[in-house]
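*Asks:* What follows is structure26.tsv, made up of TSV, C-alpha atoms:
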```
chain	number	residue	atom	x	y	z
X	1	MET	CA	0.00	0.00	0.00
X	2	ALA	CA	1.26	3.46	-0.85
X	3	CYS	CA	2.47	5.77	1.88
X	4	LYS	CA	0.05	8.15	3.51
X	5	THR	CA	0.15	11.67	2.20
X	6	PRO	CA	0.25	14.92	4.17
X	7	SER	CA	-3.33	15.93	3.35
X	8	ARG	CA	-6.47	16.26	5.43
X	9	LEU	CA	-9.84	15.39	3.92
X	10	LYS	CA	-12.28	18.24	4.54
X	11	LYS	CA	-15.43	16.60	3.13
X	12	THR	CA	-16.62	13.13	2.29
X	13	VAL	CA	-15.78	11.72	-1.13
X	14	VAL	CA	-18.41	9.49	-2.74
X	15	MET	CA	-16.99	7.14	-5.36
X	16	VAL	CA	-19.57	6.69	-8.15
X	17	GLY	CA	-19.60	4.69	-11.34
X	18	MET	CA	-20.55	1.38	-12.84
X	19	MET	CA	-20.35	-1.98	-11.14
X	20	GLY	CA	-16.83	-3.26	-11.69
X	21	ALA	CA	-15.25	0.20	-12.05
X	22	GLY	CA	-13.19	-0.35	-8.90
X	23	LYS	CA	-15.01	1.95	-6.49
X	24	THR	CA	-14.44	-0.32	-3.51
X	25	ALA	CA	-10.83	-1.29	-4.22
X	26	VAL	CA	-9.74	2.22	-5.17
X	27	GLY	CA	-11.86	3.74	-2.39
X	28	LYS	CA	-10.19	1.57	0.26
X	29	CYS	CA	-6.76	2.49	-1.07
X	30	LEU	CA	-7.61	6.20	-1.21
X	31	ALA	CA	-8.97	6.06	2.34
X	32	ALA	CA	-5.73	4.42	3.51
X	33	GLN	CA	-3.65	7.04	1.69
X	34	LEU	CA	-5.62	9.83	3.38
X	35	ASP	CA	-5.93	8.02	6.73
X	36	VAL	CA	-9.73	8.29	6.82
X	37	PRO	CA	-12.51	5.72	7.21
X	38	PHE	CA	-13.82	3.78	4.23
X	39	VAL	CA	-17.44	2.65	3.92
X	40	ASP	CA	-19.21	0.68	1.20
X	41	SER	CA	-22.83	1.87	1.02
X	42	ASP	CA	-24.01	-1.52	-0.29
X	43	GLU	CA	-22.40	-3.30	2.68
X	44	GLU	CA	-24.18	-0.90	5.03
X	45	ILE	CA	-27.53	-1.75	3.42
X	46	VAL	CA	-26.81	-5.49	3.56
X	47	ALA	CA	-25.89	-5.24	7.25
X	48	ALA	CA	-29.01	-3.22	8.11
X	49	ALA	CA	-31.34	-5.53	6.17
X	50	ASN	CA	-29.57	-8.74	7.17
X	51	MET	CA	-29.91	-9.98	3.59
X	52	SER	CA	-28.03	-9.65	0.32
X	53	ILE	CA	-28.78	-6.95	-2.22
X	54	ALA	CA	-30.06	-9.63	-4.60
X	55	GLU	CA	-32.44	-10.85	-1.86
X	56	ILE	CA	-33.64	-7.27	-1.20
X	57	PHE	CA	-34.28	-6.75	-4.94
X	58	GLU	CA	-36.16	-10.06	-5.14
X	59	ARG	CA	-38.23	-9.62	-1.98
X	60	ASP	CA	-38.89	-5.87	-1.91
X	61	GLY	CA	-38.00	-4.56	-5.37
X	62	GLU	CA	-35.58	-1.99	-6.69
X	63	ALA	CA	-37.59	1.06	-5.51
X	64	PHE	CA	-37.44	-0.18	-1.90
X	65	PHE	CA	-33.69	-0.76	-2.25
X	66	ARG	CA	-33.15	2.73	-3.70
X	67	ASP	CA	-34.99	4.28	-0.74
X	68	ARG	CA	-32.72	2.42	1.71
X	69	GLU	CA	-29.73	3.51	-0.35
X	70	THR	CA	-30.72	7.18	0.04
X	71	GLU	CA	-31.17	6.76	3.80
X	72	VAL	CA	-27.74	5.17	4.13
X	73	ILE	CA	-25.91	7.72	1.97
X	74	GLU	CA	-27.44	10.62	3.91
X	75	ARG	CA	-26.42	9.09	7.24
X	76	LEU	CA	-22.88	8.52	6.00
X	77	LEU	CA	-22.54	11.98	4.47
X	78	VAL	CA	-23.40	13.88	7.64
X	79	SER	CA	-20.71	12.19	9.73
X	80	GLU	CA	-16.93	12.70	9.72
X	81	PRO	CA	-15.17	12.99	6.33
X	82	ARG	CA	-14.57	9.60	4.76
X	83	ILE	CA	-14.45	7.75	1.47
X	84	ILE	CA	-17.71	6.07	0.44
X	85	SER	CA	-18.08	3.51	-2.32
X	86	ALA	CA	-21.60	3.98	-3.69
X	87	GLY	CA	-23.66	1.36	-5.45
X	88	GLY	CA	-23.76	1.76	-9.23
X	89	GLY	CA	-27.32	3.11	-9.30
X	90	LEU	CA	-27.11	5.51	-6.36
X	91	PHE	CA	-25.92	8.52	-8.40
X	92	LEU	CA	-28.77	8.17	-10.91
X	93	LEU	CA	-31.30	9.70	-8.53
X	94	GLN	CA	-31.41	13.48	-8.27
X	95	ARG	CA	-32.08	13.29	-4.51
X	96	ASN	CA	-28.81	11.40	-3.99
X	97	ARG	CA	-26.82	13.77	-6.21
X	98	ASP	CA	-28.27	16.68	-4.22
X	99	LEU	CA	-27.24	15.09	-0.90
X	100	ILE	CA	-23.74	14.38	-2.17
X	101	SER	CA	-23.41	17.92	-3.49
X	102	LYS	CA	-24.62	19.40	-0.21
X	103	TYR	CA	-22.38	17.37	2.12
X	104	GLY	CA	-19.57	15.92	0.02
X	105	VAL	CA	-17.99	15.57	-3.38
X	106	SER	CA	-18.62	12.94	-6.07
X	107	LEU	CA	-15.78	11.18	-7.86
X	108	TRP	CA	-16.58	9.14	-10.98
X	109	LEU	CA	-14.35	6.16	-11.69
X	110	LYS	CA	-14.73	5.98	-15.45
X	111	ALA	CA	-14.18	2.57	-17.04
X	112	ASP	CA	-14.98	1.22	-20.49
X	113	LEU	CA	-17.25	-1.74	-21.22
X	114	ALA	CA	-14.42	-4.23	-21.80
X	115	LEU	CA	-12.88	-3.53	-18.39
X	116	LEU	CA	-16.23	-3.61	-16.60
X	117	TRP	CA	-17.19	-6.91	-18.26
X	118	SER	CA	-13.85	-8.50	-17.39
X	119	ARG	CA	-14.50	-7.68	-13.74
X	120	VAL	CA	-18.17	-8.64	-13.38
X	121	ARG	CA	-18.79	-11.48	-15.81
X	122	HIS	CA	-18.03	-14.27	-13.32
X	123	LYS	CA	-19.94	-12.76	-10.40
X	124	ASN	CA	-23.48	-13.78	-9.57
X	125	THR	CA	-23.95	-11.02	-6.97
X	126	ARG	CA	-25.15	-8.42	-9.49
X	127	PRO	CA	-28.97	-8.56	-9.60
X	128	LEU	CA	-29.22	-6.26	-12.61
X	129	LEU	CA	-27.08	-8.67	-14.65
X	130	ARG	CA	-29.29	-11.69	-14.05
X	131	THR	CA	-30.54	-11.58	-17.62
X	132	GLU	CA	-30.30	-13.79	-20.72
X	133	ASN	CA	-27.49	-11.64	-22.07
X	134	PRO	CA	-25.63	-9.98	-19.18
X	135	HIS	CA	-22.99	-8.43	-21.49
X	136	ALA	CA	-25.69	-6.64	-23.50
X	137	THR	CA	-27.38	-5.60	-20.25
X	138	LEU	CA	-24.11	-4.18	-18.93
X	139	SER	CA	-23.57	-2.31	-22.19
X	140	THR	CA	-27.06	-0.82	-22.01
X	141	LEU	CA	-26.60	0.16	-18.36
X	142	LEU	CA	-23.29	1.86	-19.19
X	143	LYS	CA	-24.91	3.85	-22.01
X	144	GLU	CA	-27.90	4.82	-19.86
X	145	ARG	CA	-25.89	5.71	-16.76
X	146	SER	CA	-22.88	7.51	-18.23
X	147	PRO	CA	-24.74	10.83	-18.69
X	148	PHE	CA	-25.50	10.79	-14.95
X	149	TYR	CA	-21.94	9.86	-13.97
X	150	GLU	CA	-20.68	12.72	-16.14
X	151	LEU	CA	-22.40	15.05	-13.63
X	152	ALA	CA	-19.88	14.03	-10.95
X	153	ASP	CA	-17.70	16.76	-9.48
X	154	VAL	CA	-14.46	14.94	-10.36
X	155	SER	CA	-13.67	12.07	-12.72
X	156	VAL	CA	-10.75	9.68	-12.98
X	157	GLU	CA	-10.29	7.22	-15.80
X	158	THR	CA	-9.28	3.69	-14.96
X	159	LYS	CA	-7.74	1.16	-17.33
X	160	PRO	CA	-6.68	-2.49	-16.99
X	161	ALA	CA	-3.01	-1.47	-16.85
X	162	PHE	CA	-3.59	0.94	-13.95
X	163	SER	CA	-2.89	-0.47	-10.49
X	164	ILE	CA	-5.29	0.20	-7.65
X	165	GLU	CA	-2.64	2.37	-5.98
X	166	ALA	CA	-2.00	4.40	-9.15
X	167	THR	CA	-5.72	4.96	-9.65
X	168	ALA	CA	-6.10	6.05	-6.00
X	169	LYS	CA	-3.18	8.46	-6.43
X	170	ALA	CA	-4.82	9.85	-9.59
X	171	ALA	CA	-8.05	10.27	-7.62
X	172	GLN	CA	-6.22	12.09	-4.86
X	173	LYS	CA	-4.52	14.36	-7.40
X	174	ALA	CA	-7.89	15.14	-9.03
X	175	LEU	CA	-9.45	15.90	-5.64
X	176	ALA	CA	-6.53	18.19	-4.77
X	177	GLN	CA	-7.57	20.43	-7.67
X	178	ARG	CA	-10.61	21.43	-5.62
X	179	GLN	CA	-9.99	23.85	-2.75
X	180	ASP	CA	-12.89	22.47	-0.70
X	181	VAL	CA	-11.81	18.80	-0.50
X	182	LEU	CA	-8.18	18.37	0.55
X	183	GLU	CA	-6.06	20.53	2.80
X	184	GLU	CA	-2.28	20.17	2.74
X	185	ILE	CA	-0.79	19.65	6.19
X	186	GLY	CA	2.71	19.32	7.59
```
Re-express the file's structure as C-alpha cells.
*Replies:*
Amino acid sequence: MACKTPSRLKKTVVMVGMMGAGKTAVGKCLAAQLDVPFVDSDEEIVAAANMSIAEIFERDGEAFFRDRETEVIERLLVSEPRIISAGGGLFLLQRNRDLISKYGVSLWLKADLALLWSRVRHKNTRPLLRTENPHATLSTLLKERSPFYELADVSVETKPAFSIEATAKAAQKALAQRQDVLEEIG
C-alpha cells in the first residue's frame, strides 16, 4: 500500500460509477492514503437488512432498495469525512446527487465496457445482470448511466493497466484540484 500523504480530507468523497469500475478497491486504497474511514454503502444496506442486495431486490424490489440507499448515503454523508463507495445506481437519482453535493464531493471512476465486463462477468452477486445476455445488459446500463456519472464533481479514468494504488493516487490528485476537499498539512 502506498504511503500516507500529508493531506487532510475536509469533506466526504463518494466514489460513483458502474459496477466493476473499482469503487471499492480504489476507495479503500484512497482512504488508507488519506488516513480516513472507508465505507461501502451496499455493505451498510446489507448489514441493516440482514440480507443480500439480490435478496432485497427479489423480496422488496428496486424502488425499496433505492430508498434504503438514500437513507444510508445521507447518514454517511453527515458524519466525519470519509471515502464512500456507492452502489452503481445511487448517483442516478437526483435526490442522492443533491445530498452528495450538499455534504460531500462525487468522484466518478470511469471505465470502459471491456474492463467492466472483465471484472463482473463471473460474479453472480449483481442482480441487474441476471438476464439472458448480461454483457448486453451491462452495455445498455453503461450507455444509460454515463450521462449521470458525467455530472460528478471529479472524474478519474481507470484502465486495466492501472494499479489500484496508481488509480487512487490519480483520484487524490484530481481531488486536490478542488480547494474544498483536501487541505495540505505538515
*Asks:* Between X:Arg121, X:His135, X:Lys23, X:Lys159, which one has atoms that come closest to Gly88 (chain X), using all atoms listed in the file?
*Replies:*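 Looking only at the distances to Gly88 (chain X), the closest residue turns out to be X:Lys23.
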*Asks:* So how many Å separate CA of Tyr149 (chain X) and CA of Glu62 (chain X), to one decimal?
*Replies:*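 Result for CA of Tyr149 (chain X) versus CA of Glu62 (chain X): 19.5 Å, one decimal.
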*Asks:* Record the distance separating CA of Ser52 (chain X) and CA of Gly87 (chain X), expressed in Å with one decimal.
*Replies:*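 Spanning CA of Ser52 (chain X) to CA of Gly87 (chain X) is a straight-line distance of 13.2 Å.
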*Asks:* Dump as a list of chain:residue names all residues having an atom at most 6 Å from (-16.1, 9.1, -1.8), computed in the file's coordinates with only C-alpha atoms.
*Replies:*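 Result, sorted by chain then residue number: X:Thr12, X:Val13, X:Val14, X:Met15, X:Ile83, X:Ile84, X:Ser85.
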*Asks:* Using only C-alpha atoms, which residue out of X:Leu151, X:Met51, X:Ala161, X:Met19 lies closest to Phe91 (chain X)?
*Replies:*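 Looking only at the distances to Phe91 (chain X), the closest residue turns out to be X:Leu151.
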*Asks:* Smallest atom-to-atom distance to Phe162 (chain X): which of X:Val39, X:Val16, X:Leu115, X:Ile185, using all atoms listed in the file?
*Replies:*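 Ranking X:Val39, X:Val16, X:Leu115, X:Ile185 by distance to Phe162 (chain X), first place goes to X:Leu115.
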*Asks:* Which one is closest to Val105 (chain X): X:Pro81, X:Asp67, X:Val26, X:Ser7? Count only C-alpha atoms.
*Replies:* X:Pro81
*Asks:* Could you tell me, as a short mmCIF file (atom, residue, chain, number, x, y, z; two decimals) with C-alpha atoms, in the frame of the given file, which residues have any atom at most 8 Å from (-7.1, 8.8, 5.5), counting only C-alpha atoms?
*Replies:*
```
data_model
loop_
_atom_site.label_atom_id
_atom_site.label_comp_id
_atom_site.auth_asym_id
_atom_site.auth_seq_id
_atom_site.Cartn_x
_atom_site.Cartn_y
_atom_site.Cartn_z
CA LYS X 4 0.05 8.15 3.51
CA ARG X 8 -6.47 16.26 5.43
CA LEU X 9 -9.84 15.39 3.92
CA LEU X 30 -7.61 6.20 -1.21
CA ALA X 31 -8.97 6.06 2.34
CA ALA X 32 -5.73 4.42 3.51
CA GLN X 33 -3.65 7.04 1.69
CA LEU X 34 -5.62 9.83 3.38
CA ASP X 35 -5.93 8.02 6.73
CA VAL X 36 -9.73 8.29 6.82
CA PRO X 37 -12.51 5.72 7.21
CA ARG X 82 -14.57 9.60 4.76
#
```
*Asks:* Do a neighbour search on Ala21 (chain X) at 9 Å with all atoms listed in the file, toss out local chain neighbours closer than 5 positions, and write the hits as a VMD selection string.
*Replies:* chain X and resid 16 109 to 112 115 to 116 119 158
*Asks:* Would you mind exporting C-alpha atoms of the selected residues as a compact mmCIF listing (two decimals), in the frame of the given file?
*Replies:*
```txt
# COMPACT_ATOMS: atom_id res chain seq x y z
CA VAL X 16 -19.57 6.69 -8.15
CA LEU X 109 -14.35 6.16 -11.69
CA LYS X 110 -14.73 5.98 -15.45
CA ALA X 111 -14.18 2.57 -17.04
CA ASP X 112 -14.98 1.22 -20.49
CA LEU X 115 -12.88 -3.53 -18.39
CA LEU X 116 -16.23 -3.61 -16.60
CA ARG X 119 -14.50 -7.68 -13.74
CA THR X 158 -9.28 3.69 -14.96
```
*Asks:* Give me the residues within 8 Å of Val78 (chain X) as a list of chain:residue names, counting only C-alpha atoms and dropping any in the same chain fewer than 3 places off.
*Replies:* X:Glu74, X:Arg75, X:Tyr103
*Asks:* Just to be explicit: take each residue in the selection above, keep C-alpha atoms, and write the result as a CSV table (one decimal), in the coordinates of the input.
*Replies:*
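Printed below is selection33.csv as written:
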```csv
chain,number,residue,atom,x,y,z
X,74,GLU,CA,-27.4,10.6,3.9
X,75,ARG,CA,-26.4,9.1,7.2
X,103,TYR,CA,-22.4,17.4,2.1
```
